[in-house]
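First the structure, in the form of structure tokens, and then the observations on it.
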Amino acid sequence: MLSDFFNWFHQDDTNTVTLAIPKNVQLKDVSIKNNVGDITIKNQQASKITVQQNTGNLNIYSSQIAKGKVSSDIGNIAIQNSSLSDIDVVDHTGDISAENLTVLNLVRMTNNTGNTNVSLSPQSTQATIVSAKTDVGHTDISHQLLQGYSGKNRLAVKGNTGNIQIK
């Protein structure tokens with residue numbers, strides 16, 4: 001076919017793996033390793049998780065994730081309407097954004113090169129101790145948030161190069 005001739009390198013091919021989990025199932029031990037491409041976790045509950053993303057974006061939507069580490073070498077990490085507990089979020093090159101984030105226990109975010117923007121959920125705004133430090137860039141923590149280094153629910157954000165905003 002003529003269309004095959006123009007697409008002879010299969011440039012329009014996409015490889016997608018979709019794993020459908022029944023509702024109300026809590027995953028006990030999730031491990032995802034991806035070299036190239038995006039990872040999206042949506043509407044999931046996981047009691048232990050490890051995600052290693054080499055190149056691509058990592059998205060977590062409307063999920064409850066506990067105990068583990070999510071990391072990306074090159075790409076953005078976006079978290080929306082989710083609850084994190086005892087999690088390390090690490091991005092080597094890219095931005096970290098979290099909207100309506102509920103923090104339980106200790107959540108650490110480390111961003112080597114890129115900006116980090118976090119908006120806490122109403123529940124976490126009053127119950128989370130926040131700390132932030134960047135080597136090169138600006139740190140902006142809303143005056144309405146509790147700041148410090150100890151407490152039951154803590155969000156600790158560290159950056160090497162990039163701005164940090166927490167509200």
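Order determines the names: the first chain of the structure tokens is A, the second B, and so forth; residues in each chain are numbered 1 upward, and ligands are numbered 1 upward as they are shown.
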
What are the DSSP helix (DSSP H, G or I) residues of stretch 51-165 of chain A, as JSON, numbers by chain?
{"A": [122, 123, 124, 125, 126, 127]}

Write out as an NGL selection string which residues come within 7 Å of A:Gly162 when counting only C-alpha atoms, dropping same-chain ones fewer than 6 positions away.
:A and (113-115 or 134 or 136-137)

Export N, CA and C atoms of the chosen residues as a compact mmCIF listing (two decimals), in the first residue's frame?
# COMPACT_ATOMS: atom_id res chain seq x y z
N THR A 113 17.87 18.44 38.73
CA THR A 113 17.82 19.56 37.80
C THR A 113 16.39 19.74 37.32
N GLY A 114 15.73 20.75 37.83
CA GLY A 114 14.34 21.02 37.46
C GLY A 114 13.60 21.67 38.61
N ASN A 115 12.42 22.18 38.31
CA ASN A 115 11.60 22.84 39.31
C ASN A 115 10.69 21.84 40.01
N THR A 134 17.04 24.22 48.30
CA THR A 134 17.63 24.09 46.97
C THR A 134 19.00 24.76 46.98
N VAL A 136 20.71 25.83 44.11
CA VAL A 136 20.67 26.93 43.15
C VAL A 136 19.23 27.13 42.73
N GLY A 137 18.64 28.24 43.13
CA GLY A 137 17.24 28.52 42.83
C GLY A 137 16.56 29.14 44.03

When DSSP is applied to the backbone of this structure, which of stretch 86-153 of chain A are assigned strand (DSSP E)? Write them out as a ChimeraX atom specification.
/A:86-93,96-113,116-120,129-136,139-141,146-147

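With only C-alpha atoms as the basis for measurement, A:Ser82 is the residue among A:Ser142, A:Ser82, A:Gln26, A:Asn59 that approaches A:Ser121 most closely.
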
So the first atom is atom CA of A:Thr125 and the second is atom CA of A:Ile41; what is the distance between them in Å, to one decimal place?
24.2 Å

Hey, which of A:Ile164, A:Leu84, A:Leu104, A:Ala132 ends up closest to A:Ser63? Count only C-alpha atoms.
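The closest residue to A:Ser63 is A:Leu84.
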
What is the distance between atom CA of A:Gly148 and atom CA of A:Asp135, in Å to one decimal?
18.2 Å

Considering only C-alpha atoms, can you say which of A:Ile49, A:Val103, A:Leu120, A:Ile79 comes closest to A:Asp29?
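That would be A:Ile49, the residue with the smallest distance to A:Asp29.
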
For stretch 43-47 of chain A, list every protein, DNA or RNA residue within 9 Å, evaluated using only C-alpha atoms, and leave out those in the same chain fewer than 2 positions away; present the list as a list of chain:residue names.
A:Ile21, A:Lys23, A:Asn24, A:Val25, A:Gln26, A:Leu27, A:Lys28, A:Asp29, A:Val30, A:Ile41, A:Ile49, A:Ile60, A:Tyr61, A:Ser62, A:Ser63, A:Gln64, A:Ile65, A:Ala66, A:Lys67, A:Gly68, A:Ser82

Would you mind exporting the chosen residues as an mmCIF file, in the first residue's frame, restricted to N, CA and C atoms?
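So the final result, stored in selection.cif, reads:
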data_model
loop_
_atom_site.group_PDB
_atom_site.id
_atom_site.type_symbol
_atom_site.label_atom_id
_atom_site.label_comp_id
_atom_site.auth_asym_id
_atom_site.auth_seq_id
_atom_site.Cartn_x
_atom_site.Cartn_y
_atom_site.Cartn_z
ATOM 1 N N ILE A 21 -6.725 -3.282 36.393
ATOM 2 C CA ILE A 21 -6.866 -3.866 37.718
ATOM 3 C C ILE A 21 -8.314 -3.669 38.157
ATOM 4 N N LYS A 23 -11.576 -2.801 40.313
ATOM 5 C CA LYS A 23 -11.776 -1.763 41.320
ATOM 6 C C LYS A 23 -11.648 -2.348 42.719
ATOM 7 N N ASN A 24 -11.222 -1.495 43.638
ATOM 8 C CA ASN A 24 -11.099 -1.829 45.060
ATOM 9 C C ASN A 24 -10.102 -2.939 45.348
ATOM 10 N N VAL A 25 -9.151 -3.165 44.461
ATOM 11 C CA VAL A 25 -8.087 -4.137 44.705
ATOM 12 C C VAL A 25 -6.847 -3.366 45.127
ATOM 13 N N GLN A 26 -6.274 -3.759 46.252
ATOM 14 C CA GLN A 26 -5.040 -3.119 46.696
ATOM 15 C C GLN A 26 -3.862 -3.974 46.261
ATOM 16 N N LEU A 27 -2.988 -3.373 45.465
ATOM 17 C CA LEU A 27 -1.792 -4.067 45.005
ATOM 18 C C LEU A 27 -0.791 -4.111 46.148
ATOM 19 N N LYS A 28 -0.165 -5.254 46.356
ATOM 20 C CA LYS A 28 0.722 -5.418 47.506
ATOM 21 C C LYS A 28 2.173 -5.075 47.200
ATOM 22 N N ASP A 29 2.663 -5.384 46.022
ATOM 23 C CA ASP A 29 4.068 -5.126 45.698
ATOM 24 C C ASP A 29 4.177 -4.870 44.201
ATOM 25 N N VAL A 30 4.284 -3.593 43.827
ATOM 26 C CA VAL A 30 4.323 -3.204 42.422
ATOM 27 C C VAL A 30 5.748 -2.813 42.068
ATOM 28 N N ILE A 41 -0.027 5.844 36.186
ATOM 29 C CA ILE A 41 -0.701 5.060 37.218
ATOM 30 C C ILE A 41 -1.950 5.844 37.588
ATOM 31 N N ILE A 49 5.647 0.037 46.391
ATOM 32 C CA ILE A 49 5.850 0.322 44.965
ATOM 33 C C ILE A 49 7.297 0.719 44.690
ATOM 34 N N ILE A 60 1.005 10.060 38.038
ATOM 35 C CA ILE A 60 0.224 9.345 39.044
ATOM 36 C C ILE A 60 -1.037 10.163 39.296
ATOM 37 N N TYR A 61 -2.206 9.554 39.018
ATOM 38 C CA TYR A 61 -3.483 10.239 39.159
ATOM 39 C C TYR A 61 -4.405 9.472 40.105
ATOM 40 N N SER A 62 -5.043 10.192 41.007
ATOM 41 C CA SER A 62 -6.102 9.645 41.865
ATOM 42 C C SER A 62 -5.743 8.286 42.445
ATOM 43 N N SER A 63 -4.567 8.194 43.039
ATOM 44 C CA SER A 63 -4.074 6.924 43.565
ATOM 45 C C SER A 63 -3.602 7.083 45.004
ATOM 46 N N GLN A 64 -3.540 5.952 45.697
ATOM 47 C CA GLN A 64 -3.019 5.893 47.058
ATOM 48 C C GLN A 64 -1.807 4.980 47.029
ATOM 49 N N ILE A 65 -0.635 5.573 47.223
ATOM 50 C CA ILE A 65 0.625 4.847 47.086
ATOM 51 C C ILE A 65 1.386 4.929 48.412
ATOM 52 N N ALA A 66 1.900 3.780 48.862
ATOM 53 C CA ALA A 66 2.631 3.742 50.129
ATOM 54 C C ALA A 66 3.928 2.961 49.975
ATOM 55 N N LYS A 67 4.890 3.315 50.787
ATOM 56 C CA LYS A 67 6.155 2.602 50.953
ATOM 57 C C LYS A 67 6.864 2.270 49.647
ATOM 58 N N GLY A 68 7.848 3.065 49.323
ATOM 59 C CA GLY A 68 8.640 2.748 48.150
ATOM 60 C C GLY A 68 9.311 3.959 47.548
ATOM 61 N N SER A 82 -3.743 12.630 44.685
ATOM 62 C CA SER A 82 -3.248 11.353 45.194
ATOM 63 C C SER A 82 -2.763 11.487 46.627
#
